[in-house]
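J.: Okay, so here is run01.cif, and as you'll see once you scroll down, it has mmCIF, C-alpha atoms.
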data_work
#
loop_
_atom_site.label_atom_id
_atom_site.label_comp_id
_atom_site.auth_asym_id
_atom_site.auth_seq_id
_atom_site.Cartn_x
_atom_site.Cartn_y
_atom_site.Cartn_z
CA MET A 217 22.41 -31.50 23.09
CA LEU A 218 19.47 -31.99 25.45
CA ILE A 219 17.45 -35.24 25.50
CA ASP A 220 13.93 -34.90 26.94
CA ILE A 221 12.80 -37.31 29.66
CA ILE A 222 9.16 -38.06 28.82
CA VAL A 223 6.57 -39.77 31.00
CA PRO A 224 5.63 -43.01 29.21
CA SER A 225 2.11 -44.28 28.67
CA ALA A 226 0.85 -46.30 31.63
CA GLY A 227 -1.98 -48.02 29.76
CA GLU A 228 -4.99 -47.04 27.69
CA SER A 229 -7.20 -46.25 30.70
CA VAL A 230 -4.56 -44.22 32.57
CA SER A 231 -4.86 -40.47 31.95
CA LYS A 232 -2.98 -39.16 34.98
CA VAL A 233 0.24 -40.16 36.74
CA GLU A 234 2.31 -38.81 39.61
CA LEU A 235 6.07 -38.31 39.80
CA ALA A 236 6.76 -40.44 42.87
CA ARG A 237 10.48 -39.73 43.26
CA TRP A 238 13.73 -39.04 41.49
CA LEU A 239 16.26 -41.83 41.92
CA VAL A 240 19.16 -39.58 40.92
CA ALA A 241 19.91 -36.04 42.12
CA GLY A 242 19.81 -33.18 39.64
CA GLY A 243 23.21 -32.37 38.14
CA SER A 244 24.40 -35.96 38.55
CA TRP A 245 25.87 -38.09 35.79
CA VAL A 246 23.59 -40.92 34.61
CA GLU A 247 24.43 -43.86 32.40
CA LYS A 248 22.30 -45.09 29.53
CA ASP A 249 19.47 -47.41 30.71
CA GLN A 250 20.03 -46.35 34.35
CA GLU A 251 16.83 -46.04 36.41
CA ILE A 252 16.35 -42.33 37.16
CA ALA A 253 12.72 -41.85 38.28
CA GLU A 254 9.58 -43.64 39.48
CA ILE A 255 6.08 -42.81 38.23
CA ASP A 256 2.93 -43.78 40.13
CA SER A 257 -0.32 -44.47 38.30
CA ASP A 258 -3.60 -45.71 39.73
CA LYS A 259 -2.55 -49.24 38.78
CA ALA A 260 1.19 -49.62 39.34
CA THR A 261 4.56 -47.96 39.77
CA LEU A 262 6.63 -47.51 36.60
CA THR A 263 10.34 -46.84 36.30
CA ILE A 264 11.86 -44.40 33.81
CA ASN A 265 15.31 -45.20 32.44
CA ALA A 266 17.83 -42.83 30.91
CA THR A 267 17.87 -43.08 27.11
CA GLN A 268 21.39 -41.64 26.89
CA SER A 269 24.37 -41.06 29.16
CA GLY A 270 24.80 -37.50 30.38
CA VAL A 271 24.03 -34.98 33.12
CA LEU A 272 20.50 -35.02 34.57
CA ARG A 273 18.42 -31.85 34.65
CA ILE A 274 15.24 -32.00 36.75
CA LEU A 275 12.28 -29.93 35.51
CA VAL A 276 9.39 -31.36 37.57
CA ASP A 277 9.34 -31.83 41.36
CA GLU A 278 8.36 -35.02 43.15
CA GLY A 279 4.66 -35.34 43.95
CA THR A 280 3.53 -33.51 40.80
CA GLU A 281 0.57 -34.98 38.91
CA MET A 282 0.68 -34.87 35.11
CA GLN A 283 -0.42 -36.61 31.94
CA PRO A 284 1.61 -39.25 30.09
CA GLY A 285 3.85 -37.58 27.53
CA THR A 286 4.89 -34.73 29.84
CA VAL A 287 8.58 -33.74 29.85
CA ILE A 288 9.84 -34.03 33.43
CA GLY A 289 13.56 -33.57 32.87
CA GLN A 290 16.40 -33.52 30.42
CA ILE A 291 19.75 -35.25 29.90
CA GLU A 292 22.58 -33.04 28.71
CA VAL A 293 24.67 -34.89 26.17
CA SER A 294 27.61 -33.01 24.67
CA ALA A 295 31.18 -33.57 23.61
CA GLU A 296 32.45 -31.48 26.51
CA VAL A 297 30.40 -33.39 29.07
CA SER A 298 31.38 -36.78 27.62
CA SER A 299 35.04 -35.74 27.55
CA ALA A 300 34.92 -34.60 31.17
CA LYS A 301 33.27 -37.88 32.16
CA ALA A 302 35.94 -39.86 30.30
CA ILE A 303 38.74 -37.90 32.00
CA LEU A 304 37.10 -38.36 35.40
CA THR A 305 36.73 -42.09 34.80
CA ALA A 306 40.33 -42.42 33.64
CA ASP A 307 41.62 -40.48 36.64
CA THR A 308 39.55 -42.64 38.98
CA VAL A 309 40.85 -45.87 37.48
CA GLN A 310 44.44 -44.60 37.58
CA SER A 311 44.12 -43.55 41.20
CA GLN A 312 42.71 -46.95 42.12
CA LEU A 313 45.62 -48.67 40.42
CA SER A 314 48.28 -46.50 42.03
CA THR A 315 46.81 -45.91 45.47
CA PRO A 316 48.29 -48.09 48.23
CA PRO A 317 46.01 -50.04 50.62
CA LEU A 318 43.74 -47.94 52.80
CA PRO A 319 45.65 -46.67 55.85
CA GLU A 320 44.25 -46.97 59.30
CA ALA A 321 42.31 -43.95 60.51
CA VAL A 322 43.61 -42.17 63.59
CA ILE A 323 41.50 -40.45 66.20
CA PRO A 324 42.21 -38.94 69.65
CA HIS A 325 41.90 -41.17 72.67
CA GLN A 326 38.95 -39.60 74.44
CA PRO A 327 35.35 -40.56 75.23
CA SER A 328 33.50 -39.96 71.97
CA PRO A 329 30.84 -41.58 69.77
CA ILE A 330 31.70 -43.97 66.95
CA ASN A 331 33.32 -41.95 64.20
CA SER A 332 34.64 -43.66 61.10
CA SER A 333 36.03 -40.46 59.57
CA LEU A 334 39.71 -39.53 59.75
CA GLN A 335 40.69 -37.25 62.60
CA THR A 336 43.93 -35.55 63.55
CA GLU A 337 46.05 -37.13 66.27
CA ASP A 338 45.90 -35.49 69.68
CA GLU A 339 49.30 -34.20 70.78
CA THR A 340 48.93 -35.30 74.42
CA ASN A 341 47.12 -38.63 74.15
CA PRO A 342 48.24 -41.76 72.31
CA PRO A 343 46.04 -42.53 69.29
CA ILE A 344 43.41 -45.24 68.82
CA THR A 345 43.28 -46.66 65.31
CA PHE A 346 40.45 -48.12 63.21
CA SER A 347 41.18 -51.24 61.18
CA PRO A 348 40.16 -51.12 57.50
CA GLN A 349 37.55 -53.82 58.22
CA ALA A 350 36.01 -51.68 60.96
CA ILE A 351 35.88 -48.64 58.67
CA LYS A 352 34.20 -50.63 55.90
CA LEU A 353 31.64 -52.08 58.32
CA LEU A 354 30.74 -48.59 59.56
CA GLU A 355 30.37 -47.34 56.00
CA ASP A 356 28.26 -50.33 54.94
CA LEU A 357 25.93 -49.97 57.92
CA GLY A 358 25.65 -46.21 57.52
CA ILE A 359 25.74 -45.78 61.28
CA GLY A 360 26.90 -42.19 61.30
CA LYS A 361 27.65 -41.10 64.87
CA PRO A 362 25.83 -43.31 67.40
CA ASP A 363 25.95 -42.42 71.05
CA THR A 364 27.77 -45.65 72.00
CA GLU A 365 31.47 -45.42 72.81
CA LEU A 366 33.99 -47.87 71.44
CA THR A 367 36.43 -49.53 73.76
CA SER A 368 39.39 -51.71 72.87
CA SER A 369 42.00 -53.22 75.14
CA ASN A 370 44.77 -53.04 72.52
CA ARG A 371 43.98 -49.44 71.52
CA ARG A 372 42.96 -50.57 68.04
CA ILE A 373 39.30 -50.63 67.01
CA THR A 374 38.54 -53.81 65.11
CA LYS A 375 35.45 -55.12 63.38
CA LYS A 376 34.69 -57.10 66.53
CA ASP A 377 34.70 -53.94 68.63
CA VAL A 378 32.26 -52.23 66.25
CA LEU A 379 29.90 -55.22 66.38
CA ALA A 380 30.09 -55.19 70.17
CA ALA A 381 29.20 -51.48 70.28
CA ILE A 382 26.26 -52.03 67.94
CA SER A 383 25.06 -54.91 70.07
CA THR A 384 25.21 -52.77 73.20
CA ARG A 385 23.39 -49.86 71.63
CA TYR A 386 20.47 -51.90 70.34
CA ASN A 387 20.38 -54.31 73.29
CA VAL A 388 21.06 -57.27 71.03
CA GLY A 389 22.42 -60.42 72.64
CA LYS A 390 24.50 -61.71 69.73
CA GLN A 391 27.00 -59.60 67.88
CA ASN A 392 26.25 -61.15 64.49
CA GLU A 393 22.46 -60.89 64.80
CA VAL A 394 20.78 -58.90 62.04
CA ILE A 395 19.62 -55.54 63.41
CA ASP A 396 16.10 -54.69 62.34
CA SER A 397 14.99 -51.12 62.04
CA ILE A 398 12.55 -50.67 64.91
CA ALA A 399 10.67 -47.41 65.19
CA ASP A 400 10.98 -45.66 68.52
CA THR A 401 7.37 -44.89 69.29
CA SER A 402 8.38 -42.38 71.93
CA THR A 403 9.56 -40.03 69.19
CA TRP A 404 6.08 -39.59 67.68
CA TRP A 405 3.57 -40.99 70.19
CA SER A 406 4.42 -38.70 73.07
CA GLY A 407 1.06 -37.17 73.87
CA GLY A 408 1.48 -34.01 71.80
CA ARG A 409 -1.07 -32.44 69.43
CA GLU A 410 0.91 -32.65 66.19
CA GLU A 411 -0.49 -34.26 63.02
CA ASN A 412 1.28 -35.81 60.06
CA ARG A 413 -0.32 -34.85 56.76
CA GLN A 414 0.53 -37.01 53.74
CA LYS A 415 -0.78 -36.80 50.20
CA MET A 416 -2.55 -39.95 49.01
CA SER A 417 -0.85 -41.61 46.07
CA LEU A 418 -2.82 -42.24 42.89
CA LEU A 419 -2.65 -45.97 43.59
CA ARG A 420 -4.07 -45.54 47.11
CA LYS A 421 -6.85 -43.23 45.83
CA LYS A 422 -7.79 -45.72 43.13
CA VAL A 423 -7.92 -48.57 45.63
CA ALA A 424 -10.18 -46.46 47.86
CA GLU A 425 -12.52 -45.68 44.97
CA ARG A 426 -12.76 -49.32 43.96
CA LEU A 427 -13.47 -50.49 47.50
CA VAL A 428 -16.29 -47.97 47.90
CA SER A 429 -17.72 -48.90 44.49
CA VAL A 430 -17.85 -52.57 45.51
CA LYS A 431 -20.02 -51.69 48.50
CA ASN A 432 -22.30 -49.48 46.42
CA GLN A 433 -22.60 -51.52 43.24
CA THR A 434 -22.59 -55.17 44.36
CA ALA A 435 -24.69 -57.32 46.65
CA MET A 436 -21.71 -58.71 48.57
CA LEU A 437 -22.12 -61.53 51.06
CA THR A 438 -19.57 -63.82 52.74
CA SER A 439 -19.75 -67.55 53.49
CA PHE A 440 -17.41 -69.30 55.93
CA ASN A 441 -16.07 -72.78 56.51
CA GLU A 442 -13.15 -74.44 58.24
CA VAL A 443 -10.52 -76.78 56.88
CA ASP A 444 -8.23 -79.29 58.58
CA MET A 445 -4.66 -78.62 57.41
CA SER A 446 -3.16 -81.88 58.73
CA ALA A 447 -2.77 -83.56 55.33
CA ILE A 448 -1.15 -80.49 53.74
CA PHE A 449 1.20 -80.09 56.71
CA GLU A 450 2.24 -83.72 56.35
CA ILE A 451 3.03 -83.23 52.65
CA ARG A 452 4.99 -80.05 53.30
CA GLU A 453 7.01 -81.57 56.10
CA LYS A 454 7.84 -84.62 54.01
CA HIS A 455 8.81 -82.80 50.79
CA LYS A 456 9.77 -79.22 51.72
CA ASP A 457 13.55 -79.79 51.45
CA SER A 458 13.45 -81.64 48.13
CA PHE A 459 10.94 -79.11 46.76
CA LYS A 460 13.20 -76.18 47.69
CA GLU A 461 16.22 -77.97 46.21
CA LYS A 462 14.49 -78.70 42.91
CA TYR A 463 12.54 -75.48 42.33
CA GLY A 464 14.42 -72.89 44.36
CA VAL A 465 11.33 -71.65 46.23
CA LYS A 466 9.68 -72.65 49.48
CA LEU A 467 6.65 -74.93 49.41
CA GLY A 468 3.93 -72.65 50.77
CA LEU A 469 0.20 -73.00 51.26
CA MET A 470 -0.99 -70.71 48.49
CA GLY A 471 -0.07 -73.19 45.76
CA PHE A 472 -2.34 -75.85 47.27
CA PHE A 473 -5.26 -73.46 47.70
CA ILE A 474 -5.03 -72.01 44.20
CA LYS A 475 -4.86 -75.55 42.81
CA ALA A 476 -7.92 -76.51 44.87
CA LEU A 477 -9.69 -73.33 43.75
CA THR A 478 -9.08 -73.89 40.03
CA GLU A 479 -10.16 -77.55 40.23
CA SER A 480 -13.34 -76.58 42.10
CA ILE A 481 -14.44 -73.93 39.59
CA PRO A 482 -15.83 -76.41 36.99
CA TRP A 483 -18.34 -77.60 39.61
CA PHE A 484 -19.49 -74.02 40.33
CA PRO A 485 -18.45 -71.89 37.32
CA GLN A 486 -20.44 -68.84 38.49
CA VAL A 487 -17.78 -68.00 41.08
CA ASN A 488 -15.37 -67.39 38.21
CA GLY A 489 -17.78 -65.16 36.30
CA ARG A 490 -18.72 -61.47 36.08
CA ILE A 491 -21.58 -59.21 35.02
CA GLU A 492 -20.95 -57.15 31.90
CA ASP A 493 -23.55 -55.09 30.01
CA ASN A 494 -26.43 -57.05 31.57
CA HIS A 495 -24.83 -60.33 30.52
CA LEU A 496 -23.26 -63.06 32.62
CA ILE A 497 -19.72 -63.80 31.39
CA ILE A 498 -18.40 -67.21 32.46
CA PRO A 499 -14.75 -67.72 31.34
CA ARG A 500 -13.51 -71.23 30.57
CA TYR A 501 -10.18 -70.39 32.17
CA ALA A 502 -9.01 -69.14 35.57
CA ASP A 503 -6.87 -66.02 35.85
CA VAL A 504 -6.28 -65.89 39.60
CA GLY A 505 -5.41 -62.58 41.27
CA ILE A 506 -3.20 -62.73 44.36
CA ALA A 507 -3.60 -59.86 46.82
CA VAL A 508 -0.13 -58.60 47.80
CA SER A 509 0.54 -55.92 50.41
CA THR A 510 3.34 -53.58 49.30
CA PRO A 511 4.75 -50.28 50.62
CA LYS A 512 2.82 -48.56 47.81
CA GLY A 513 -0.47 -50.19 48.80
CA LEU A 514 -2.50 -53.24 47.84
CA MET A 515 -1.65 -54.83 44.49
CA VAL A 516 -3.23 -57.86 42.84
CA PRO A 517 -0.89 -59.57 40.34
CA VAL A 518 -2.62 -62.14 38.14
CA ILE A 519 -1.61 -65.73 37.38
CA ARG A 520 -2.84 -66.42 33.85
CA ASN A 521 -4.43 -69.80 33.12
CA ALA A 522 -3.74 -71.01 36.64
CA GLU A 523 -5.84 -74.10 35.88
CA ARG A 524 -3.01 -75.37 33.66
CA LEU A 525 -0.31 -75.10 36.33
CA SER A 526 0.86 -77.65 38.87
CA VAL A 527 1.34 -76.74 42.53
CA ALA A 528 5.05 -76.20 41.79
CA GLY A 529 4.26 -74.02 38.78
CA ILE A 530 1.88 -71.92 40.86
CA GLU A 531 4.45 -71.44 43.63
CA LEU A 532 7.08 -70.35 41.11
CA LYS A 533 4.69 -67.83 39.55
CA ILE A 534 3.63 -66.50 42.97
CA SER A 535 7.26 -65.96 43.95
CA GLU A 536 7.99 -64.13 40.69
CA LEU A 537 4.95 -61.84 40.82
CA ALA A 538 5.18 -61.05 44.55
CA GLU A 539 8.85 -60.11 44.20
CA LYS A 540 8.06 -57.81 41.27
CA ALA A 541 5.19 -56.17 43.14
CA ARG A 542 7.23 -55.46 46.28
CA ASN A 543 10.14 -54.07 44.23
CA ASN A 544 7.91 -51.90 42.00
CA LYS A 545 8.87 -53.94 38.94
CA ILE A 546 5.38 -55.22 38.17
CA SER A 547 3.92 -54.34 34.76
CA ILE A 548 0.42 -53.10 33.95
CA GLU A 549 -0.31 -56.32 32.05
CA GLU A 550 0.55 -58.43 35.10
CA LEU A 551 -1.95 -56.46 37.20
CA SER A 552 -4.78 -56.38 34.67
CA GLY A 553 -7.70 -58.76 34.32
CA GLY A 554 -8.31 -61.64 36.67
CA THR A 555 -11.44 -63.77 36.98
CA ILE A 556 -11.25 -64.56 40.72
CA SER A 557 -8.92 -63.54 43.56
CA ILE A 558 -7.38 -65.04 46.68
CA THR A 559 -5.94 -63.34 49.75
CA ASN A 560 -4.12 -64.64 52.81
CA GLY A 561 -4.72 -62.52 55.88
CA GLY A 562 -3.26 -65.31 57.99
CA VAL A 563 0.26 -64.07 57.32
CA PHE A 564 -0.64 -61.02 59.44
CA GLY A 565 -2.36 -63.09 62.16
CA SER A 566 -5.97 -62.66 61.04
CA MET A 567 -8.29 -65.30 62.49
CA LEU A 568 -11.34 -64.38 60.40
CA SER A 569 -12.28 -61.63 57.95
CA THR A 570 -14.65 -60.73 55.12
CA PRO A 571 -12.44 -59.94 52.12
CA ILE A 572 -13.75 -57.41 49.59
CA ILE A 573 -14.37 -58.42 45.98
CA ASN A 574 -11.98 -57.08 43.36
CA PRO A 575 -14.34 -55.78 40.62
CA PRO A 576 -15.42 -56.73 38.02
CA GLN A 577 -14.80 -60.15 39.57
CA SER A 578 -17.58 -61.78 41.55
CA ALA A 579 -15.71 -63.73 44.23
CA ILE A 580 -12.60 -63.70 46.42
CA LEU A 581 -11.34 -66.50 48.67
CA GLY A 582 -9.85 -65.50 52.01
CA MET A 583 -7.34 -67.65 53.88
CA HIS A 584 -6.61 -67.06 57.57
CA ARG A 585 -4.37 -67.99 60.46
CA ILE A 586 -3.94 -71.69 61.26
CA VAL A 587 -4.62 -72.49 64.92
CA ASP A 588 -4.54 -75.81 66.79
CA ARG A 589 -8.15 -76.44 67.89
CA PRO A 590 -9.98 -79.36 69.53
CA VAL A 591 -12.22 -81.01 66.93
CA ALA A 592 -14.23 -84.21 66.63
CA TYR A 593 -12.27 -86.67 64.49
CA LYS A 594 -13.41 -90.27 63.91
CA GLY A 595 -15.47 -90.36 67.08
CA ARG A 596 -12.92 -88.73 69.36
CA VAL A 597 -11.65 -85.28 70.19
CA GLU A 598 -8.25 -84.39 68.74
CA ILE A 599 -6.14 -81.28 68.45
CA ARG A 600 -5.89 -80.45 64.75
CA PRO A 601 -4.49 -77.47 62.78
CA ILE A 602 -7.58 -75.62 61.60
CA MET A 603 -7.92 -72.69 59.20
CA TYR A 604 -11.07 -70.65 58.68
CA LEU A 605 -11.94 -69.94 55.04
CA ALA A 606 -14.10 -67.09 53.79
CA LEU A 607 -15.65 -66.61 50.36
CA SER A 608 -16.98 -63.14 49.63
CA TYR A 609 -19.22 -63.16 46.57
CA ASP A 610 -21.62 -61.04 44.52
CA HIS A 611 -25.11 -62.34 45.24
CA ARG A 612 -26.32 -60.99 41.90
CA ILE A 613 -24.52 -63.81 40.09
CA ILE A 614 -23.71 -66.35 42.84
CA ASP A 615 -26.36 -67.89 45.09
CA GLY A 616 -25.82 -69.31 48.56
CA ARG A 617 -25.84 -72.87 47.23
CA GLU A 618 -22.94 -72.16 44.89
CA SER A 619 -20.89 -70.26 47.47
CA VAL A 620 -21.27 -72.91 50.16
CA GLY A 621 -20.72 -75.77 47.73
CA PHE A 622 -17.60 -74.11 46.33
CA LEU A 623 -16.07 -73.77 49.81
CA ILE A 624 -16.91 -77.38 50.63
CA LYS A 625 -15.27 -78.56 47.40
CA ILE A 626 -12.07 -76.65 48.30
CA LYS A 627 -12.21 -78.07 51.83
CA GLU A 628 -12.47 -81.62 50.47
CA LYS A 629 -9.43 -81.21 48.26
CA ILE A 630 -7.26 -79.63 50.97
CA GLU A 631 -8.17 -82.30 53.49
CA ASN A 632 -7.66 -85.10 50.96
CA PRO A 633 -4.93 -83.98 48.51
CA LEU A 634 -5.18 -87.28 46.57
CA LEU A 635 -8.25 -85.80 44.90
CA PHE A 636 -5.91 -83.47 43.01
CA LEU A 637 -4.57 -86.49 41.12
CA LEU A 638 -7.69 -88.68 40.93
CA ASN A 639 -10.00 -86.06 39.40
CA GLU A 640 -12.68 -86.40 42.08
CA LYS A 641 -12.71 -90.21 41.94
CA ASP A 642 -12.64 -92.26 45.13
CA PRO A 643 -9.53 -94.52 45.14
CA SER A 644 -11.45 -97.42 46.67
CA ALA A 645 -14.20 -97.07 44.04
CA ARG A 646 -11.60 -97.17 41.30
CA LEU A 647 -10.09 -100.29 42.85
CA LEU A 648 -13.49 -102.02 42.72
CA GLY A 649 -14.15 -100.85 39.19
CA LEU A 650 -17.07 -98.71 40.27
CA THR A 651 -15.92 -95.57 38.46
#
Would you write the structure of this file as structure tokens?
T.:
Amino acid sequence: MLIDIIVPSAGESVSKVELARWLVAGGSWVEKDQEIAEIDSDKATLTINATQSGVLRILVDEGTEMQPGTVIGQIEVSAEVSSAKAILTADTVQSQLSTPPLPEAVIPHQPSPINSSLQTEDETNPPITFSPQAIKLLEDLGIGKPDTELTSSNRRITKKDVLAAISTRYNVGKQNEVIDSIADTSTWWSGGREENRQKMSLLRKKVAERLVSVKNQTAMLTSFNEVDMSAIFEIREKHKDSFKEKYGVKLGLMGFFIKALTESIPWFPQVNGRIEDNHLIIPRYADVGIAVSTPKGLMVPVIRNAERLSVAGIELKISELAEKARNNKISIEELSGGTISITNGGVFGSMLSTPIINPPQSAILGMHRIVDRPVAYKGRVEIRPIMYLALSYDHRIIDGRESVGFLIKIKEKIENPLLFLLNEKDPSARLLGLT
């Protein structure tokens, strides 16, 4: 019996998707609910799971564009296939139960690259052996055959020897340091005339279309201001350990800024609005989009009703959505909507930028790199951690007064976090009964 693998619907507005990649090779056995393929739409990446256990048959190649509902493969489910799988599984389990511990691999004693595979013993030279730990490390790292030779004084290659060889090859000072994958620019930037041609994904094409439409269909301007981060830094330094212990996530900056943003919107509600059918729509809630850079391109997960969340609640939601976006687990619903967005170019080192509005929204707040700068503070010059803020906005709905006032309101809250708790009331005025 053959079970069709059908491309699922990716939302009402999505009429075309692209088969990004197969996660399992054709002819391989797949288990029920196993992830077998990834589908790209112009909004997100979706995963297709096997509906039954069986042998995978691939009918559509990677990179093919199609409509939802298209059959891209089949799963062969039959008594013969299931029986063969059961026998194979039983044989595997039996062999694991009866097989003695892994013997040491033997290779000739001669200058050669790292090789974790078994080799025959040379008749004239005494053998060098690999310990089981060394073999497992080589397999886990997937090193293959590097050009670094292994040396061992006791003629037995241990895990320590493998780590030493890796350290030498990558010029790493410590053997237990994590080795990052660093591209060798000399392999592709060598002065030749070659070009690398890559097909744009549906997500990347959609992002490009939206960015161009913003320029053509909105009157976008950007206002700037600066904010002293000293008070926030003091809070983070004082509570970062207890915050991580209680909530399981790091205390970042985004939670403070989203909290400041949502509490500033009631003073300038236009920044949270949009134009729709010649009407101004002003929501009485804040669904905040967070720009996240992923290998697939820019995604903007949305925190629903962010105005109801505490700083801790915002940080937890950010962690959840960002992790889903980077691992292609984000849903269409979590990317849809949004009344205002926020982006942090400072994580990449940006000092100042003009972020682009995410339509149909009318405003986006841009955070940037924090730099120690000399500023006037209480009649004297001090070195303070300063961040530049940018608010890009649609001038059709937001005037300069609102944009500047909105930034100043956020600045006030970040520089005096007590305002988060006092609802804009001056503590000294409350003490004197003036409010």
J.: Choose the residue, out of A:Val465, A:Ile448, A:Leu239, A:Leu551, that has the smallest atom-to-atom separation from Glu536 in chain A; count all atoms listed in the file.
T.: A:Val465
J.: Where does the PyMOL selection byres ((chain A and resi 584) around 9) land in this file, that is, which residues does it pick, as a VMD selection string?
T.: chain A and resid 559 to 569 582 to 583 585 to 586 603 to 606
J.: Filtering to C-alpha atoms, could you give me those residues as a PDB file, in the coordinates of the input?
T.:
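What landed in again17.pdb:
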ATOM      1  CA  THR A 559      -5.940 -63.340  49.750  1.00  0.00           C
ATOM      2  CA  ASN A 560      -4.120 -64.640  52.810  1.00  0.00           C
ATOM      3  CA  GLY A 561      -4.720 -62.520  55.880  1.00  0.00           C
ATOM      4  CA  GLY A 562      -3.260 -65.310  57.990  1.00  0.00           C
ATOM      5  CA  VAL A 563       0.260 -64.070  57.320  1.00  0.00           C
ATOM      6  CA  PHE A 564      -0.640 -61.020  59.440  1.00  0.00           C
ATOM      7  CA  GLY A 565      -2.360 -63.090  62.160  1.00  0.00           C
ATOM      8  CA  SER A 566      -5.970 -62.660  61.040  1.00  0.00           C
ATOM      9  CA  MET A 567      -8.290 -65.300  62.490  1.00  0.00           C
ATOM     10  CA  LEU A 568     -11.340 -64.380  60.400  1.00  0.00           C
ATOM     11  CA  SER A 569     -12.280 -61.630  57.950  1.00  0.00           C
ATOM     12  CA  GLY A 582      -9.850 -65.500  52.010  1.00  0.00           C
ATOM     13  CA  MET A 583      -7.340 -67.650  53.880  1.00  0.00           C
ATOM     14  CA  ARG A 585      -4.370 -67.990  60.460  1.00  0.00           C
ATOM     15  CA  ILE A 586      -3.940 -71.690  61.260  1.00  0.00           C
ATOM     16  CA  MET A 603      -7.920 -72.690  59.200  1.00  0.00           C
ATOM     17  CA  TYR A 604     -11.070 -70.650  58.680  1.00  0.00           C
ATOM     18  CA  LEU A 605     -11.940 -69.940  55.040  1.00  0.00           C
ATOM     19  CA  ALA A 606     -14.100 -67.090  53.790  1.00  0.00           C
TER      20      ALA A 606
END
J.: Could you list as a count of residues only every residue that has an atom within 9 Å of (-5.2, -74.8, 34.6), using the file's coordinates and counting only C-alpha atoms?
T.: 12
J.: Return the single residue from A:Ala447, A:Ile530, A:Ile264, A:Val240 that is closest to Asn544 in chain A, with distances computed using all atoms listed in the file.
T.: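 Checking each of A:Ala447, A:Ile530, A:Ile264, A:Val240 against Asn544 in chain A, counting all atoms listed in the file, the winner is A:Ile264.
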J.: What's the separation between CA of Asp610 in chain A and CA of Ile573 in chain A, in Å to one decimal place?
T.: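 Atom-to-atom, CA of Asp610 in chain A to CA of Ile573 in chain A, that is 7.8 Å.
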J.: Please evaluate the PyMOL selection byres ((chain A and resi 488-494) around 10) against the structure above and give the resulting residues as number ranges by chain.
T.: A: 477-478, 481-482, 484-487, 495-504, 554-557, 575-580, 610, 612-614
J.: Can you translate the PyMOL selection byres ((chain A and resi 241) around 12) into the concrete residues it hits in this file, as a list of chain:residue names?
T.: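 Selection result, ordered by chain and number: A:Arg237, A:Trp238, A:Leu239, A:Val240, A:Gly242, A:Gly243, A:Ser244, A:Trp245, A:Val246, A:Glu251, A:Ile252, A:Ala253, A:Val271, A:Leu272, A:Arg273, A:Ile274, A:Leu275, A:Asp277, A:Glu278, A:Gly289.
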J.: What is the distance, in Å and to one decimal place, between CA of Arg589 in chain A and CA of Pro601 in chain A?
T.: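 A separation of 6.4 Å between them.
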J.: Rank A:Ile288, A:Leu623, A:Ile373, A:Met436 by their smallest atom-to-atom distance to Ile255 in chain A, using all atoms listed in the file, and report the top residue only.
T.: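 So, comparing all the options, the nearest one is A:Ile288.
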J.: Which residue, A:Val233, A:Ile602, A:Ala266, A:Ile546, has the smallest gap to Ser446 in chain A when you use all atoms listed in the file?
T.: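 Comparing A:Val233, A:Ile602, A:Ala266, A:Ile546 against Ser446 in chain A, the winner is A:Ile602.
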J.: Measuring between only C-alpha atoms, which one of A:Phe459, A:Ser480, A:Ser231, A:Val423 shows the shortest distance to Glu618 in chain A?
T.: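 Using only C-alpha atoms, the shortest distance to Glu618 in chain A belongs to A:Ser480.
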J.: What gap, in Å, lies between CA of Val591 in chain A and CA of Lys454 in chain A?
T.: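 Distance between the two atoms: 24.1 Å.
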J.: Pick out the closest residue to Phe622 in chain A from this set: A:Met217, A:Met470, A:Leu581, A:Ala541. Count all atoms listed in the file.
T.: A:Leu581
J.: Would you mind listing what lies within 8 Å of His611 in chain A as a PyMOL selection string, with all atoms listed in the file counted and same-chain residues fewer than 6 positions away left out?
T.: chain A and resi 434-437
J.: Excluding Lys248 in chain A and its own-chain neighbours fewer than 4 positions away, which residues fall within 6 Å of it when counting only C-alpha atoms? Please give them as a PyMOL selection string.
T.: chain A and resi 266-269
J.: With C-alpha atoms kept, could you save the residues just selected as a compact mmCIF listing (two decimals), in the coordinates of the input?
T.:
# COMPACT_ATOMS: atom_id res chain seq x y z
CA ALA A 266 17.83 -42.83 30.91
CA THR A 267 17.87 -43.08 27.11
CA GLN A 268 21.39 -41.64 26.89
CA SER A 269 24.37 -41.06 29.16
